[in-house]
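Input: a single structure, listed below in structure tokens.
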Amino acid sequence: MRLRFYVAKRVGLGVVTLLGVIAAVFVMTHILPGDPAAVMAGGHASAPILAAMRKEMGLDQPLPVQLWTYFVNVLHGDLGTSTSTGHPVLQDLLQRLPATAELSLYSLLLSLLISIPIGVAAAVNRGRWIDRAAQQVAILGASTPLFWLGVVLIFVFYVKLGIAPSPVGRLSTGVQPPRTITGFYTIDSLLTLDWTALASAAGHLVLPVVALSFVITAPLIKLSRDAMSTVLDSDFIQADYSFGLSARQIIWQDGLKNTMISLLTVVGIVLGYLMAGNVIVETIYSWPGIGLYAWDGINSSDYMAIQGFVLLVAMIYVILNLIVDLLYMVIDPRVRLA
Amino acid sequence: MSLTSMPPEMAIEQPARAGLPFRRIGTAVGRLTRRSPGFLVGLVLILCIVFLALFGRFFTGDPLLLNPDVILQAPSLGHPMGTDAFGRDVFARVVAASQLDLMIAFFAASIAFAGGAIVGAVTGFSRGWVDDLVMRLVDILQAFPAFILAVGLTAMLGNTVRNVVIAVAVAYSPYFIRLVRSQMITAREAEYARAARCIGNRPWRIMTHHLLPNCLGPAVVQGTLCLGWAILDAAGLSFLGLGIRPPTAEWGVQVAEGTQYINSGQWWISVFPGLMIVIAVFGFNLIGDRLRRAVE
Amino acid sequence: MKAQSYAAAGKPMSGGDGGRSAAQGPLLRIEDLTIGYFGQDRDEPVRIIRNVDLTIDHNMIVGLVGESGSGKTQTARAILKLNTRPLQPLEGHIFMDGVDLLALTGEKLRAIRGDKVAMIFQDPRASLNPLMRIGDQLARIYALHQGISRAAAQAEAIEMLRRCGIAGPERVARSYPHQLSGGMCQRVMISLSLGMQPDLLIADEPTTGLDVTIQAQILELIQTAQRETGSSLLLITHDLGVVAEVCQRVAVMYAGRIVEFAPVDELFTHPRHPYAIHLLQASLALEAPEKAAETPASGYPAEASPSLELSVGQETYQASLESARDPDATAFMVEVSPGHLVLGTPVTVDQAVPSGFLSGQAGAKV
């Protein structure tokens with residue numbers, strides 16, 4: 001009974017945050033110093049064009065009206081038109097979203113696969129060398145700029161060792177993309193039994209996925225270590241020991257299960273790093289996702305595109321966090337059966 | 001009173017604490033330098049970079065000097081980090097960039113710290129609708145991934161150093177606001193009743209003189225870490241073409257410049273500046289990490 | 001707890017223990033136990049609990065009293081070698097069945113936990129796995145200790161819950177800890193311990209934090225459990241009324257040391273250490289002010305003085321708060337009357353100071 005209340009409350013909060021995000025993006029473009037019309041028209045527009053732009057953007061309207069118009073537009077899916085592609089921004093973004101999603105998903109999986117075992121091992125062996133080594137690795141990883149790492153990986157594995165494919169795009173030249181089902185080249189080529197596409201897509205995914213996963217592996221090692229440590233320090237674990245349960249049972253059954261659930265709450269934060277990292281990785285590897293779109297927009301002063309990108313990313317971030325929180329509510333019996 | 005003669009009941013139970021005054025941070029730093037190798041390493045790294053930033057100019061060439069005769073030369077004695085496509089000495093540019101990056105990081109972190117601390121202290125002290133309003137705004141700020149927020153702000157504000165500093169500062173201020181606010185709330189509960197009883201009602205004075213110093217400890221630690229993150233973000237922004245543009249020497253700009261030459265094997269243009277970032281951020285992270293453990 | 005006549009307190013030994021007798025020697029003997037931690041200085045540890053001696057016979061209820069932070073819980077946890085980080089046993093022995101528990105590691109240590117010694121914790125809800133159903137938690141322990149199948153253990157769990165006074169045990173077995181009240185959680189803990197059939201049960205402030213109305217019930221339950229299983233009970237509490245009602249012997253702890261250890265009626269009528277006196281006076285004043293007015297002069301001095309003299313035969317000792325706190329003081333347990341020990345420092349300098357203090361002082365009978 002209470003669960004429904006919590007769910008409703010959380011969803012409500014999510015909706016309010018979404019509206020706040022839309023308003024914030026509006027503020028970013030319309031209220032900050034600088035002439036929005038000049039910004040949107042892209043730099044060297046002449047006076048009559050600027051005037052027309054102002055009219056079109058409704059800048060002659062009072063601010064609250066502008067804000068309302070913006071809200072309405074966004075909620076109808078109108079994020080403006082890109083000055084470089086000529087298409088509606090939302091359409092551009094949605095078209096490129098699967099590429100970004102594929103990259104992000106594999107990076108997340110790889111990162112979880114590496115960081116959680118290391119973090120857990122560090123927590124179980126607190127104070128010993130494996131713990132200290134893991135922490136140093138995590139700190140070092142957190143100090144490495146993603147853009148530099150991406151470039152270095154290309155240099156080592158493509159230029160010097162020659163084992164990685166040319167770091168341009170999702171497929172090698174000449175390879176046709178598989179039939180679109182999900183937009184994920186790996187899944188689609190698997191489903192359509194298109195082995196050439198699968199091999200090519202997988203090969204091209206390796207370097208960018210390794211680079212991107214690196215960004216979140218470091219914080220995840222720390223987070224999983226902290227989460228596991230907290231659980232291992234808790235009273236019921238001590239009680240478990242007093243009951244004569246074996247260390248193996250305590251750590252791997254009770255400890256791990258409780259840790260996984262508490263880790264869920266911090267996955268949301270990590271997703272933010274992932275989304276930010278996409279922009280950089282996609283520009284380095286010419287990956288046709290929304291990050292590359294944003295970069296193109298930056299280069300061509302396509303402010304509609306930039307604005308649309310920021311808005312979409314923020315909204316996805318809010319929604320993902322909402323899903324994670326709701327998932328947690330359902331899994332943790334303390335919330336489910338309050 | 002030495003530890004061994006402290007009454008055991010005091011030794012077993014940790015006293016409740018609201019924060020750490022500056023004096024204690026000083027002793028913590030002193031003790032850390034002696035006992036923690038990690039802290040020492042971090043300190044040394046940072047001091048090296050600061051030294052480079054302040055005095056490096058005296059033993060390198062001009063970072064902007066174009067010299068078509070020596071383009072794309074591998075590292076050598078004359079050019080320890082090689083030269084780039086315009087014949088500029090990479091090392092000279094790295095040194096010049098260190099000045100710029102450290103400065104940006106320092107100002108961005110300081111503004112985030114100061115602004116965040118003030119807002120956090122005031123809102124934590126006042127509670128009520130002021131607190132609610134501010135925290136809703138903070139929530140909205142944190143609804144954006146920090147780097148994406150910086151990207152948006154810099155893109156809209158324009159490509160200047162000042163705007164990069166502002167964008168990064170705004171992106172990080174929520175951390176400080178929350179940190180100082182929560183410390184203030186705890187301290188306020190503890191001190192308020194006592195203060196109200198003894199001194200009489202001078203809330204502003206209570207806040208600034210008694211409570212605030214205690215709340216800043218964790219914020220200072222966060223600030224150290226923030227210095228490192230600011231470098232990463234500022235460099236990341238310039239790598240994308242936002243904020244600082246070539247020919248200004250900035251580590252991110254340098255990595256971006258060198259990207260196109262990676263394929264032909266000229267690695268030094270990108271690798272060295274990136275390495276400097278790693279060293280600087282690693283140093284700040286080490287210090288911040290040890291400080292945090294000492295304060296806890 | 002209502003005021004009791006302290007002279008009447010002190011229950012006789014309960015029977016029904018399946019043949020164990022005092023002639024076997026004590027069940028548990030803590031000898032010269034010191035607990036501490038290594039702080040910044042890796043060489044010299046900080047000693048929190050020092051030179052603790054405690055003996056628990058078979059089928060006996062021993063109380064351990066003292067203020068918060070006096071070291072009661074950590075002393076008890078040392079028996080299970082489960083001190084809270086970073087504390088650890090530094091010196092001393094804990095003998096049970098001829099084996100030094102502190103020397104055990106690995107499988108041997110695990111074997112005694114639960115089987116020989118079990119603990120009931122202060123916060124019962126926090127001591128249960130929040131993400132596991134009660135029935136599953138119980139069944140897991142029972143299956144381990146009784147060597148039965150999980151299914152049999154599940155049935156056993158429900159039966160134990162019923163015996164511990166829980167109505168609707170099936171529903172409780174399906175519940176999670178956060179759905180139960182504090183009192184219910186404590187009953188669950190007790191049934192857990194019962195199922196393990198330990199020789200020694202340690203109850204760490206089992207009723208603190210529970211409703212006053214429930215406290216009596218839980219205490220009753222623990223006593224019943226002890227009686228029926230024939231195990232001994234080490235009851236840690238700061239409530240002297242509970243001690244008076246339940247315990248046979250009581251140890252008073254102060255500043256990490258045992259300052260007095262006596263049969264319970266002996267302690268209440270003739271306390272000898274200043275701290276114990278102070279404790280009793282304070283407690284009486286709180287609970288039974290009218291009693292405080294009519295204290296016999298021999299038992300309670302008008303004011304608690306920080307230092308008292310003890311005469312044992314020809315020798316004089318000084319018992320004081322200071323000597324308990326001071327790690328450099330040569331204080332040891334002195335037998336002032338049979339079975340009644342007090343912490344004192346020898347007054348005359350040329351007294352030989354024995355190293356372990358139960359050795360040769362007054363025989364093994366405590």
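Chain labels run A, B, ... following the order of the structure tokens; each chain numbers its residues from 1, and ligands are numbered from 1 in the order shown.
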Residues near region 5-12 of chain A, anyone? I mean within 8 Å using only C-alpha atoms, not counting same-chain ones fewer than 6 positions away, as a list in words.
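With the cut-off at 8 Å, the set is Leu322, Asp325, Leu326 and Met329 of chain A.
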Considering only C-alpha atoms, can you say which of A:Thr182, A:Ser143, A:Ser300, A:Thr100 comes closest to chain B?
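Checking each of A:Thr182, A:Ser143, A:Ser300, A:Thr100 against chain B, counting only C-alpha atoms, the winner is A:Ser143.
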Pick out the closest residue to chain A from this set: C:Ile79, C:Leu161, C:Leu219, C:Ala155. Count only C-alpha atoms.
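Going through C:Ile79, C:Leu161, C:Leu219, C:Ala155 one by one, the smallest distance to chain A is for C:Ile79.
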With 6 Å as the cut-off and only C-alpha atoms counted, what is the closest atom pair between each nearby residue of chain B and chain A? Distances in Å to one decimal, ordered by chain and number, as a Markdown table.
```
| residue | atom | partner | partner_atom | distance |
| --- | --- | --- | --- | --- |
| B:Ile140 | CA | A:Gly20 | CA | 5.9 |
| B:Phe144 | CA | A:Ala314 | CA | 5.0 |
| B:Pro145 | CA | A:Gly272 | CA | 4.8 |
| B:Phe147 | CA | A:Ala276 | CA | 5.8 |
| B:Ile148 | CA | A:Ala276 | CA | 5.7 |
| B:Asn263 | CA | A:Val159 | CA | 6.0 |
| B:Gly274 | CA | A:Trp148 | CA | 5.6 |
| B:Val278 | CA | A:Thr144 | CA | 5.1 |
| B:Val281 | CA | A:Ser143 | CA | 5.1 |
| B:Phe282 | CA | A:Ser143 | CA | 5.0 |
```
Pull out every residue of chain C that has at least one atom within 6 Å of chain B, counting only C-alpha atoms, and report them as a VMD selection string.
chain C and resid 46 48 69 to 70 255
Please, could you write that set of residues out with C-alpha atoms as a PDB file, in the first residue's frame?
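out_14.pdb, freshly written:
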```
ATOM      1  CA  VAL C  46      46.256   1.598  23.178  1.00  0.00           C
ATOM      2  CA  ILE C  48      41.160  -0.113  26.402  1.00  0.00           C
ATOM      3  CA  GLY C  69      31.893   2.665  27.522  1.00  0.00           C
ATOM      4  CA  SER C  70      33.291   0.732  30.470  1.00  0.00           C
ATOM      5  CA  ALA C 255      37.366   2.114  33.077  1.00  0.00           C
TER       6      ALA C 255
END
```
Please identify the helix (DSSP H, G or I) residues within region 39-178 of chain C (assignment by DSSP from backbone atoms) and present them as number ranges by chain.
C: 72-79, 101-103, 106-112, 134-146, 150-163, 169-174, 177-178
Would you tabulate, counting only C-alpha atoms, all residues of chain C that have an atom at most 8 Å from an atom of chain A, showing the closest pair of atoms and their distance in Å to one decimal, sorted by chain then ascending number, as JSON lines?
```
{"residue": "C:Leu80", "atom": "CA", "partner": "A:Ser242", "partner_atom": "CA", "distance": 6.7}
{"residue": "C:Leu82", "atom": "CA", "partner": "A:Ser242", "partner_atom": "CA", "distance": 7.4}
{"residue": "C:Arg110", "atom": "CA", "partner": "A:Gly244", "partner_atom": "CA", "distance": 5.0}
{"residue": "C:Ala111", "atom": "CA", "partner": "A:Gly244", "partner_atom": "CA", "distance": 6.5}
{"residue": "C:Ile112", "atom": "CA", "partner": "A:Gly244", "partner_atom": "CA", "distance": 7.3}
{"residue": "C:Arg113", "atom": "CA", "partner": "A:Gly244", "partner_atom": "CA", "distance": 4.6}
{"residue": "C:Gly114", "atom": "CA", "partner": "A:Phe243", "partner_atom": "CA", "distance": 4.6}
{"residue": "C:Asp115", "atom": "CA", "partner": "A:Gly244", "partner_atom": "CA", "distance": 7.7}
{"residue": "C:Ala118", "atom": "CA", "partner": "A:Ser242", "partner_atom": "CA", "distance": 6.6}
{"residue": "C:Met119", "atom": "CA", "partner": "A:Ser242", "partner_atom": "CA", "distance": 6.8}
{"residue": "C:Phe121", "atom": "CA", "partner": "A:Ala239", "partner_atom": "CA", "distance": 7.8}
{"residue": "C:Ala126", "atom": "CA", "partner": "A:Asp235", "partner_atom": "CA", "distance": 5.7}
{"residue": "C:Ser127", "atom": "CA", "partner": "A:Phe236", "partner_atom": "CA", "distance": 3.8}
{"residue": "C:Leu128", "atom": "CA", "partner": "A:Phe236", "partner_atom": "CA", "distance": 5.0}
{"residue": "C:Asn129", "atom": "CA", "partner": "A:Phe236", "partner_atom": "CA", "distance": 5.5}
{"residue": "C:Pro130", "atom": "CA", "partner": "A:Arg334", "partner_atom": "CA", "distance": 7.4}
{"residue": "C:Leu131", "atom": "CA", "partner": "A:Pro333", "partner_atom": "CA", "distance": 6.4}
{"residue": "C:Ile141", "atom": "CA", "partner": "A:Phe243", "partner_atom": "CA", "distance": 7.1}
{"residue": "C:Leu144", "atom": "CA", "partner": "A:Leu245", "partner_atom": "CA", "distance": 7.8}
{"residue": "C:Tyr176", "atom": "CA", "partner": "A:Pro333", "partner_atom": "CA", "distance": 7.5}
{"residue": "C:His178", "atom": "CA", "partner": "A:Arg334", "partner_atom": "CA", "distance": 6.5}
{"residue": "C:Gln179", "atom": "CA", "partner": "A:Ala338", "partner_atom": "CA", "distance": 7.1}
```
Would you kindly return, as a list in words, each protein, DNA or RNA residue with an atom no farther than 9 Å from any atom of region 162-170 of chain C, considering only C-alpha atoms and excluding same-chain residues fewer than 3 positions away?
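Selected residues are Gly135, Ala157, Ile158, Glu159, Ala173, Arg174, Ser175, Met184, Arg187, Val188, Ile190, Ser191, Leu221 and Ala225 of chain C.
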List the neighbours of Ile244 (chain B) out to 7 Å using only C-alpha atoms; skip same-chain residues closer than 2 positions along the sequence, and give me the result as a list in words.
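With the cut-off at 7 Å, the set is Asn159, Thr160, Val161, Ser238, Leu242, Pro246 and Thr248 of chain B.
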So that I can check the surroundings of region 66-83 of chain A, please list as a PyMOL selection string every protein, DNA and RNA residue that reaches within 6 Å of it, counting only C-alpha atoms and ignoring chain neighbours fewer than 3 positions away.
chain A and resi 63+86-90+302+304-305+308
Shell around region 309-324 of chain C at 6 Å using only C-alpha atoms, local window under 3 positions removed, as a PyMOL selection string
chain C and resi 273+306+329+336+344-347
If you keep C-alpha atoms, can you produce a file of those selected residues as a JSON list (two decimals), in the first residue's frame?
```json
[["chain", "number", "residue", "atom", "x", "y", "z"],
["C", 273, "HIS", "CA", 35.02, -0.97, 45.80],
["C", 306, "PRO", "CA", 37.01, 7.82, 45.90],
["C", 329, "ALA", "CA", 49.02, 1.18, 38.82],
["C", 336, "VAL", "CA", 38.14, -10.02, 50.69],
["C", 344, "GLY", "CA", 43.09, -3.11, 44.95],
["C", 345, "THR", "CA", 46.64, -1.89, 45.04],
["C", 346, "PRO", "CA", 48.92, -3.03, 47.83],
["C", 347, "VAL", "CA", 49.51, -0.27, 50.33]]
```
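Straight-line separation from CA of Gly291 (chain A) to CA of Val151 (chain B): 11.4 Å.
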May I ask which of the residues A:Gln253, A:Ser213, A:Thr265, A:Ser224 is the closest one to Ser111 (chain A), counting only C-alpha atoms?
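The answer is A:Ser213, which sits nearest to Ser111 (chain A).
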Could you tell me how far CA of Leu54 (chain B) sits from CA of Ala105 (chain B), in Å to one decimal place?
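For CA of Ala105 (chain B) relative to CA of Leu54 (chain B), the distance reads 15.0 Å.
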Give me every strand (DSSP E or B) residue in region 95-274 of chain C, going by DSSP on the backbone, as a PyMOL selection string.
chain C and resi 95-96+99-100+113+117-120+200-204+232-237+249-254+257-263
Taking C-alpha atoms for each residue, export the selection above as a compact mmCIF listing (two decimals), in the first residue's frame.
```txt
# COMPACT_ATOMS: atom_id res chain seq x y z
CA PHE C 95 39.65 -20.99 28.49
CA MET C 96 36.68 -23.16 27.69
CA VAL C 99 40.96 -24.78 25.05
CA ASP C 100 42.12 -21.18 24.76
CA ARG C 113 30.64 -19.92 17.57
CA VAL C 117 28.99 -19.72 22.75
CA ALA C 118 26.15 -17.68 21.35
CA MET C 119 25.34 -14.02 21.68
CA ILE C 120 22.15 -12.01 21.84
CA LEU C 200 27.27 -20.25 27.18
CA LEU C 201 24.76 -17.61 26.22
CA ILE C 202 25.85 -13.99 26.23
CA ALA C 203 23.10 -11.42 26.39
CA ASP C 204 24.35 -7.92 25.68
CA SER C 232 25.22 -20.52 31.52
CA LEU C 233 24.32 -16.94 30.93
CA LEU C 234 26.52 -13.88 30.88
CA LEU C 235 24.14 -10.98 31.23
CA ILE C 236 25.50 -7.57 30.34
CA THR C 237 23.45 -4.72 31.63
CA ARG C 249 27.20 -13.55 40.56
CA VAL C 250 28.01 -10.13 39.28
CA ALA C 251 31.13 -8.39 37.99
CA VAL C 252 31.36 -4.63 38.07
CA MET C 253 33.36 -2.99 35.33
CA TYR C 254 34.87 0.46 35.38
CA ARG C 257 38.79 -3.16 34.39
CA ILE C 258 36.79 -5.43 36.62
CA VAL C 259 36.70 -3.66 39.96
CA GLU C 260 34.53 -6.05 41.90
CA PHE C 261 33.29 -9.61 41.39
CA ALA C 262 31.00 -11.18 43.97
CA PRO C 263 27.89 -13.22 44.62
```
Tell me which of B:Ile166, B:Ile269, B:Leu137, B:Ala117 sits closest to Cys215 (chain B), counting only C-alpha atoms.
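With only C-alpha atoms as the atom set, the closest residue is B:Ala117.
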What is the distance between CA of Gln248 (chain C) and CA of Ile49 (chain C), in Å to one decimal?
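Between these atoms lies a distance of 23.8 Å.
Among the candidate residues A:Thr180, A:Ser104, A:Gln91, A:Gln135, the one lying nearest to Gly38 (chain B) is A:Gln135, with distances computed using only C-alpha atoms.
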